[in-house]
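> The file below is protein-v6.cif, mmCIF, C-alpha atoms and all ligand atoms:
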data_entry
loop_
_atom_site.label_atom_id
_atom_site.label_comp_id
_atom_site.auth_asym_id
_atom_site.auth_seq_id
_atom_site.Cartn_x
_atom_site.Cartn_y
_atom_site.Cartn_z
CA MET V 1 -16.05 14.51 4.48
CA VAL V 2 -19.55 13.71 3.27
CA ALA V 3 -18.91 15.33 -0.10
CA VAL V 4 -15.72 13.36 -0.44
CA THR V 5 -17.32 10.01 0.28
CA LYS V 6 -20.21 10.71 -2.09
CA LEU V 7 -17.75 11.48 -4.82
CA ARG V 8 -16.01 8.27 -3.96
CA ALA V 9 -19.16 6.22 -4.45
CA ALA V 10 -19.62 7.78 -7.88
CA ASP V 11 -16.01 7.10 -8.76
CA ARG V 12 -16.24 3.51 -7.73
CA HIS V 13 -18.88 3.02 -10.37
CA GLY V 14 -16.64 4.62 -12.96
CA GLU V 15 -13.79 2.47 -11.85
CA HIS V 16 -15.66 -0.74 -12.57
CA MET V 17 -16.30 0.60 -16.06
CA ALA V 18 -12.59 1.17 -16.46
CA SER V 19 -11.57 -2.01 -14.72
CA LEU V 20 -9.65 -3.30 -17.72
CA GLU V 21 -7.14 -0.48 -17.49
CA SER V 22 -4.34 -1.75 -15.30
CA ILE V 23 -1.40 0.44 -14.44
CA ILE V 24 0.72 -2.44 -13.08
CA SER V 25 0.70 -6.03 -14.29
CA VAL V 26 2.76 -8.88 -12.97
CA ARG V 27 3.14 -11.92 -15.16
CA GLY V 28 4.42 -15.38 -14.25
CA ILE V 29 6.36 -14.28 -11.18
CA ASN V 30 8.36 -16.90 -9.33
CA LYS V 31 10.78 -16.04 -6.57
CA VAL V 32 13.09 -18.56 -4.96
CA TYR V 33 15.42 -17.21 -2.28
CA PRO V 34 18.81 -18.82 -1.62
CA GLY V 35 18.32 -22.05 0.32
CA GLN V 36 15.44 -23.08 -1.95
CA VAL V 37 12.87 -20.92 -0.17
CA HIS V 38 10.14 -20.76 -2.80
CA ALA V 39 8.45 -17.50 -1.80
CA LEU V 40 6.16 -16.83 -4.79
CA LYS V 41 4.77 -19.24 -7.36
CA ASP V 42 3.32 -18.34 -10.78
CA VAL V 43 1.82 -15.03 -9.69
CA ASP V 44 -0.23 -13.20 -12.33
CA LEU V 45 -2.00 -10.01 -11.24
CA ASP V 46 -3.35 -6.80 -12.68
CA PHE V 47 -3.63 -3.66 -10.58
CA PRO V 48 -6.28 -1.25 -11.91
CA ALA V 49 -5.32 2.43 -12.10
CA GLY V 50 -6.81 4.50 -9.29
CA ALA V 51 -7.83 1.49 -7.21
CA LEU V 52 -6.60 0.43 -3.79
CA THR V 53 -5.63 -3.24 -3.97
CA THR V 54 -4.70 -5.09 -0.80
CA LEU V 55 -2.49 -8.17 -0.56
CA LEU V 56 -3.62 -10.38 2.28
CA GLY V 57 -2.21 -13.73 3.34
CA PRO V 58 -0.46 -15.71 6.06
CA SER V 59 2.86 -14.50 7.45
CA GLY V 60 5.72 -15.53 5.18
CA CYS V 61 3.56 -16.04 2.08
CA GLY V 62 5.56 -13.52 0.08
CA LYS V 63 3.64 -10.23 0.36
CA THR V 64 6.71 -8.09 1.02
CA THR V 65 8.58 -10.04 -1.63
CA LEU V 66 5.90 -9.26 -4.23
CA LEU V 67 5.82 -5.58 -3.27
CA LYS V 68 9.61 -5.34 -3.57
CA ILE V 69 9.52 -7.03 -6.97
CA ILE V 70 6.87 -4.55 -8.15
CA ALA V 71 9.00 -1.71 -6.77
CA GLY V 72 11.98 -3.02 -8.75
CA LEU V 73 14.01 -3.52 -5.57
CA LEU V 74 14.16 -7.30 -5.99
CA GLU V 75 14.53 -9.44 -9.07
CA PRO V 76 12.17 -12.37 -9.64
CA ASN V 77 13.55 -15.70 -10.90
CA THR V 78 10.99 -15.73 -13.66
CA GLY V 79 8.31 -13.34 -14.83
CA ASP V 80 7.85 -9.68 -15.60
CA VAL V 81 6.53 -6.51 -14.04
CA LEU V 82 4.84 -4.15 -16.48
CA VAL V 83 4.08 -0.50 -15.73
CA LYS V 84 1.54 0.86 -18.22
CA GLY V 85 2.45 -2.07 -20.46
CA ARG V 86 6.18 -1.42 -20.34
CA LYS V 87 8.53 -3.92 -18.72
CA VAL V 88 10.50 -2.56 -15.75
CA THR V 89 13.46 -4.07 -13.93
CA ALA V 90 14.48 -1.27 -11.58
CA PRO V 91 12.87 1.32 -9.30
CA GLY V 92 11.27 4.24 -11.14
CA PRO V 93 9.72 7.60 -10.29
CA GLU V 94 6.20 6.30 -10.97
CA ARG V 95 6.40 3.86 -8.02
CA ALA V 96 7.00 4.91 -4.40
CA PHE V 97 7.57 2.42 -1.59
CA VAL V 98 6.61 2.92 2.06
CA PHE V 99 8.56 0.35 4.04
CA GLN V 100 7.31 -1.80 6.91
CA ASP V 101 9.77 0.10 9.17
CA PHE V 102 9.37 3.48 7.37
CA ALA V 103 13.15 3.82 6.72
CA LEU V 104 13.43 7.47 7.72
CA LEU V 105 16.78 9.22 7.79
CA PRO V 106 17.54 9.59 11.52
CA TRP V 107 19.87 12.57 11.02
CA ALA V 108 17.38 14.58 8.96
CA THR V 109 14.43 16.72 10.04
CA VAL V 110 10.84 15.90 9.10
CA LEU V 111 11.02 18.55 6.38
CA ARG V 112 14.14 17.05 4.85
CA ASN V 113 12.86 13.48 5.19
CA VAL V 114 9.64 14.34 3.37
CA GLY V 115 11.52 16.19 0.64
CA PHE V 116 14.26 13.57 0.36
CA GLY V 117 12.91 11.83 -2.75
CA LEU V 118 12.79 15.21 -4.49
CA GLU V 119 16.30 16.07 -3.26
CA LEU V 120 17.56 12.83 -4.84
CA ARG V 121 16.06 14.01 -8.11
CA GLY V 122 17.97 17.26 -7.86
CA MET V 123 15.05 19.57 -7.17
CA ALA V 124 16.04 22.99 -5.79
CA GLU V 125 15.64 23.40 -2.02
CA THR V 126 13.02 26.16 -2.05
CA LYS V 127 10.78 24.22 -4.40
CA ARG V 128 11.12 20.88 -2.62
CA ASN V 129 10.53 22.45 0.80
CA GLU V 130 7.37 24.04 -0.53
CA ILE V 131 6.10 20.65 -1.75
CA ALA V 132 7.24 18.90 1.45
CA ARG V 133 5.35 21.42 3.60
CA ARG V 134 2.18 20.80 1.63
CA TYR V 135 2.31 17.05 2.30
CA ILE V 136 3.39 17.50 5.92
CA ASP V 137 0.21 19.52 6.29
CA GLN V 138 -1.87 16.87 4.49
CA VAL V 139 -0.79 14.14 6.88
CA GLY V 140 -1.44 16.35 9.92
CA LEU V 141 2.15 17.09 10.93
CA SER V 142 2.25 20.87 10.57
CA GLY V 143 4.43 22.33 13.30
CA PHE V 144 6.76 19.31 13.33
CA GLU V 145 8.84 20.27 10.27
CA ASP V 146 12.02 20.80 12.30
CA LYS V 147 11.77 17.71 14.51
CA TYR V 148 13.92 14.61 14.07
CA PRO V 149 12.49 11.08 13.77
CA HIS V 150 13.51 10.13 17.32
CA GLU V 151 11.40 13.02 18.63
CA LEU V 152 8.26 11.57 17.03
CA SER V 153 5.88 8.78 18.02
CA GLY V 154 5.61 5.64 15.87
CA GLY V 155 2.38 6.94 14.34
CA MET V 156 3.96 10.27 13.46
CA ARG V 157 6.94 8.54 11.87
CA GLN V 158 4.54 6.61 9.69
CA ARG V 159 2.94 9.85 8.63
CA VAL V 160 6.36 11.15 7.62
CA GLY V 161 6.89 8.00 5.52
CA LEU V 162 3.52 8.46 3.87
CA ALA V 163 4.15 12.18 3.22
CA ARG V 164 7.50 11.36 1.64
CA ALA V 165 5.89 8.82 -0.68
CA LEU V 166 3.17 11.30 -1.64
CA ALA V 167 5.66 14.12 -2.20
CA VAL V 168 7.49 12.38 -5.04
CA ASP V 169 4.19 12.34 -6.93
CA ALA V 170 4.40 8.72 -7.99
CA ASP V 171 1.36 7.21 -9.71
CA VAL V 172 1.61 4.07 -7.61
CA LEU V 173 2.16 3.86 -3.86
CA LEU V 174 3.37 0.57 -2.45
CA LEU V 175 2.58 0.38 1.26
CA ASP V 176 3.94 -2.51 3.31
CA GLU V 177 1.90 -2.74 6.53
CA PRO V 178 2.10 1.00 7.08
CA PHE V 179 -0.16 0.88 10.13
CA SER V 180 1.38 -2.07 11.93
CA ALA V 181 3.31 -0.19 14.60
CA VAL V 182 0.57 2.11 15.87
CA ASP V 183 -2.21 1.65 18.41
CA GLU V 184 -5.76 0.90 17.31
CA GLN V 185 -6.96 4.48 17.75
CA ASN V 186 -4.22 5.92 15.56
CA ARG V 187 -4.65 3.11 13.11
CA ARG V 188 -8.28 4.02 12.54
CA LYS V 189 -7.40 7.67 12.17
CA PHE V 190 -4.78 6.68 9.63
CA GLN V 191 -7.28 4.62 7.68
CA GLU V 192 -9.52 7.69 7.44
CA ASP V 193 -6.56 9.75 6.27
CA LEU V 194 -5.71 7.19 3.64
CA LEU V 195 -9.24 7.15 2.24
CA ARG V 196 -9.26 10.96 2.22
CA LEU V 197 -5.83 11.18 0.59
CA ARG V 198 -6.96 8.76 -2.07
CA GLU V 199 -9.66 11.17 -3.08
CA ILE V 200 -7.36 14.16 -3.22
CA GLU V 201 -4.44 12.42 -4.87
CA ARG V 202 -6.09 9.95 -7.26
CA LYS V 203 -3.27 7.46 -6.89
CA THR V 204 -3.08 3.71 -7.27
CA PHE V 205 -2.34 1.99 -3.97
CA ILE V 206 -0.97 -1.49 -3.44
CA PHE V 207 -1.29 -2.18 0.22
CA VAL V 208 -0.18 -5.01 2.50
CA THR V 209 -1.89 -5.73 5.79
CA HIS V 210 -2.52 -8.62 8.17
CA SER V 211 -5.89 -7.23 9.17
CA ILE V 212 -8.94 -8.59 7.34
CA GLU V 213 -11.08 -5.75 8.72
CA GLU V 214 -8.63 -3.13 7.55
CA ALA V 215 -8.45 -4.71 4.10
CA VAL V 216 -12.23 -4.72 3.73
CA TYR V 217 -12.57 -1.20 5.11
CA LEU V 218 -10.07 0.31 2.67
CA SER V 219 -9.93 -1.80 -0.46
CA ASP V 220 -11.46 -1.85 -3.90
CA ARG V 221 -9.84 -5.24 -4.48
CA ILE V 222 -8.38 -7.81 -2.11
CA VAL V 223 -5.94 -10.45 -3.31
CA LEU V 224 -5.74 -13.50 -1.07
CA LEU V 225 -2.41 -15.28 -1.24
CA SER V 226 -1.91 -18.88 -0.22
CA ARG V 227 0.61 -20.10 2.30
CA ARG V 228 4.19 -20.20 0.98
CA PRO V 229 4.90 -20.56 -1.84
CA GLY V 230 2.49 -17.67 -2.21
CA ARG V 231 0.14 -17.91 -5.17
CA VAL V 232 -3.05 -16.06 -5.92
CA SER V 233 -5.84 -17.94 -4.20
CA GLN V 234 -8.76 -15.55 -4.71
CA VAL V 235 -9.48 -11.96 -5.74
CA ILE V 236 -12.36 -10.32 -3.90
CA THR V 237 -14.02 -7.04 -4.87
CA PRO V 238 -15.87 -5.71 -1.81
CA GLN V 239 -19.08 -3.89 -2.74
CA ILE V 240 -19.29 -1.61 0.25
CA ASP V 241 -21.23 1.61 0.52
CA ARG V 242 -18.67 3.93 2.08
CA SER V 243 -20.97 6.97 2.16
CA GLY V 244 -21.71 6.58 5.88
CA SER V 245 -19.58 7.25 8.95
CA PRO V 246 -16.72 4.84 9.79
CA GLU V 247 -18.97 3.27 12.45
CA GLU V 248 -21.80 2.80 9.95
CA ILE V 249 -19.47 1.22 7.42
CA ARG V 250 -18.19 -1.24 10.03
CA ARG V 251 -21.75 -2.25 10.85
CA ASP V 252 -22.77 -2.53 7.20
CA ARG V 253 -24.03 -5.96 6.13
CA ALA V 254 -21.81 -6.10 3.03
CA TYR V 255 -18.77 -5.14 5.13
CA LEU V 256 -19.45 -7.88 7.69
CA ASP V 257 -20.20 -10.48 5.00
CA THR V 258 -16.97 -9.67 3.14
CA VAL V 259 -14.95 -9.98 6.36
CA GLU V 260 -16.51 -13.41 6.89
CA GLU V 261 -15.94 -14.46 3.27
CA ILE V 262 -12.25 -13.58 3.53
CA TRP V 263 -11.91 -15.31 6.86
CA GLN V 264 -13.34 -18.47 5.27
CA GLY V 265 -10.97 -18.04 2.32
CA LEU V 266 -7.91 -17.73 4.57
CA ARG V 267 -8.89 -20.41 7.10
CA GLN V 268 -7.49 -23.19 4.95
CA PHE V 269 -4.03 -21.62 5.27
CA VAL V 270 -4.06 -21.51 9.07
CA ASP V 271 -2.59 -24.53 10.80
N1 LIG Y 301 16.33 -12.24 1.82
C1 LIG Y 301 15.76 -13.42 2.05
N2 LIG Y 301 16.47 -14.58 2.00
C2 LIG Y 301 15.90 -15.78 2.20
N3 LIG Y 301 14.59 -15.95 2.46
C3 LIG Y 301 13.84 -14.85 2.52
C4 LIG Y 301 14.36 -13.52 2.32
N4 LIG Y 301 13.35 -12.63 2.44
C5 LIG Y 301 12.25 -13.35 2.70
N5 LIG Y 301 12.52 -14.66 2.75
C6 LIG Y 301 11.57 -15.76 2.98
O1 LIG Y 301 10.60 -15.71 1.94
C7 LIG Y 301 9.31 -15.94 2.46
C8 LIG Y 301 8.41 -14.75 2.13
O2 LIG Y 301 8.87 -13.61 2.84
P1 LIG Y 301 8.09 -12.23 2.86
O3 LIG Y 301 8.85 -11.31 3.72
O4 LIG Y 301 7.85 -11.82 1.45
O5 LIG Y 301 6.71 -12.67 3.53
P2 LIG Y 301 5.49 -11.77 4.04
O6 LIG Y 301 4.26 -12.34 3.45
O7 LIG Y 301 5.78 -10.33 3.79
O8 LIG Y 301 5.49 -12.07 5.60
P3 LIG Y 301 5.01 -11.13 6.82
O9 LIG Y 301 3.51 -11.15 6.73
O10 LIG Y 301 5.49 -11.85 8.04
O11 LIG Y 301 5.60 -9.78 6.64
C9 LIG Y 301 9.47 -16.18 3.97
O12 LIG Y 301 9.50 -17.57 4.18
C10 LIG Y 301 10.81 -15.56 4.27
O13 LIG Y 301 11.43 -16.22 5.32
MG MG Y 302 6.06 -8.66 5.04
#
I need this file expressed as structure tokens, please.

Amino acid sequence: MVAVTKLRAADRHGEHMASLESIISVRGINKVYPGQVHALKDVDLDFPAGALTTLLGPSGCGKTTLLKIIAGLLEPNTGDVLVKGRKVTAPGPERAFVFQDFALLPWATVLRNVGFGLELRGMAETKRNEIARRYIDQVGLSGFEDKYPHELSGGMRQRVGLARALAVDADVLLLDEPFSAVDEQNRRKFQEDLLRLREIERKTFIFVTHSIEEAVYLSDRIVLLSRRPGRVSQVITPQIDRSGSPEEIRRDRAYLDTVEEIWQGLRQFVD
């Protein structure tokens, strides 16, 4: 764990050097739902490759909407989504979405659920099961391959969702409040797992949460969105030394100051 976090600190330096390289860009996004619900207004954002960017903002400000637009699951009224500079209008193998409610197949085992994205791509069963088992192991679910979703706790189901997203080997993982349905203890464990997986997998994460603390703990960049219609209010780059233990990080001055800065930034949007 120590080696991993040290490496992370070194990488973070490199990442700032490469901060101009964005894997996803959104340009001029507006989304108006039927009934004149203006969910997103003039959103321009760049998501650097290899970074974890968190979208934070009041309920209903359009976070899920933006994630779905990036995933290609929802069409904006105006604006474009670019992946590595190329315009996309539909889902693609380079982007994987982990839904707020995990969307597991209830009739399929953990093994099949995790391998499902690969099955859809026509990968042979032996090969996809081998890959699925690797990710089941990575998220700490070894021994549960043959269980069904209803036999798992909420936290375990989330792990299945995460393993499925990792298994398709997308460059970008879109995570919509993946920790919302678990207790605080599991949530913290999950946060550790996510930081660890980031090191192993070198992916770009776009993450939605309601928790300021979670955002600061995990993120390289935090995008604050205003109340609906959601627009980019502020982009914060926490400068946190993550080489210590989780407890040390949460007591770190920079961590606490960033939490306060974000709280001040979001205050204006709370009634
Ligand atoms: N299919 C839809 N039809 C009409 N309005 C919608 C639809 N989906 C979302 N909205 C509205 O658009 C706005 C943004 O919704 P969205 O789900 O993106 O917000 P959010 O930031 O993810 O909220 P939360 O934090 O509660 O998950 C909300 O006012 C919501 O009611
Ligand atoms: Mg949402």
> State, in Å with one decimal place, the distance from atom CA of Gln234 of chain V to atom CA of Pro246 of chain V.
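These atoms are spaced 26.3 Å apart.
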> Could you report the residues within 12 Å of ligand MG 302 (chain Y), using only C-alpha atoms and all ligand atoms, as a list in words?
Ala39, Leu55, Leu56, Gly57, Pro58, Ser59, Gly60, Cys61, Gly62, Lys63, Thr64, Thr65, Leu66, Leu67, Lys68, Val98, Phe99, Gln100, Asp101, Leu175, Asp176, Glu177, Pro178, Ser180, Phe207, Val208, Thr209 and His210 of chain V
> Which is closer to ligand LIG 301 (chain Y) than all the others in V:Pro149, V:Gly79, V:Gly35, V:Gly28, using only C-alpha atoms and all ligand atoms?
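Looking at the shortest contact to ligand LIG 301 (chain Y), the residue is V:Gly35.
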> Between atom CA of Thr109 of chain V and atom CA of Lys147 of chain V, measure the distance and give it in Å to one decimal.
5.3 Å
> For ligand LIG 301 (chain Y), which residue out of V:Leu104, V:Met123, V:Val81, V:Leu40 is the nearest one, using only C-alpha atoms and all ligand atoms?
V:Leu40
> Given 8 Å of margin on each side, can you work out the centre and size in Å (one decimal) of an axis-aligned box holding every listed atom of ligand LIG 301 (chain Y), as AutoDock Vina command-line options?

--center_x 10.0 --center_y -13.7 --center_z 4.7 --size_x 29.0 --size_y 23.8 --size_z 22.6
> Report the distance between atom CA of Pro106 of chain V and atom CA of Ile131 of chain V in Å, rounded to one decimal place.
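Straight-line distance from atom CA of Pro106 of chain V to atom CA of Ile131 of chain V works out to 20.7 Å.
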> Please list, as a count of residues only, the residues that have an atom at most 12 Å away from (-13.5, -14.2, 5.4) in the coordinates of this file, counting only C-alpha atoms.
27
> Here is a test: counting all atoms listed in the file, which residue of V:Arg133, V:Arg196, V:Arg112, V:Arg187 is nearest to Gln158 of chain V?
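The closest residue to Gln158 of chain V is V:Arg187.
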> Measuring between all atoms listed in the file, which one of V:Ala124, V:Asp220, V:Leu225, V:Asp146 shows the shortest distance to ligand LIG 301 (chain Y)?
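Comparing V:Ala124, V:Asp220, V:Leu225, V:Asp146 against ligand LIG 301 (chain Y), the winner is V:Leu225.
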> With distances taken over all atoms listed in the file, which of V:Leu218, V:Leu52, V:Ile24, V:Leu118 is nearest to Val88 of chain V?
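Smallest distance to Val88 of chain V is found for V:Ile24.
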> Find the residue from V:Arg188, V:Ile70, V:Pro229, V:Arg250 that sits nearest to ligand LIG 301 (chain Y); use all atoms listed in the file when measuring.
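Among the listed residues, the smallest separation from ligand LIG 301 (chain Y) belongs to V:Pro229.
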> Could you list as a list in words every residue that has an atom within 10 Å of (8.2, -16.6, -11.6), using the file's coordinates and counting only C-alpha atoms?
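With a cut-off of 10 Å, the residues come to Val26, Arg27, Gly28, Ile29, Asn30, Lys31, Val32, His38, Ala39, Leu40, Lys41, Asp42, Val43, Asp44, Glu75, Pro76, Asn77, Thr78, Gly79 and Asp80 of chain V.
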> Neighbouring residues of Phe190 of chain V were defined as those with any atom within 10 Å, considering only C-alpha atoms; residues of the same chain fewer than 5 positions away were excluded. Please report them as an NGL selection string.
:V and (139 or 155 or 158-159 or 178-179 or 182 or 184-185 or 195-196)
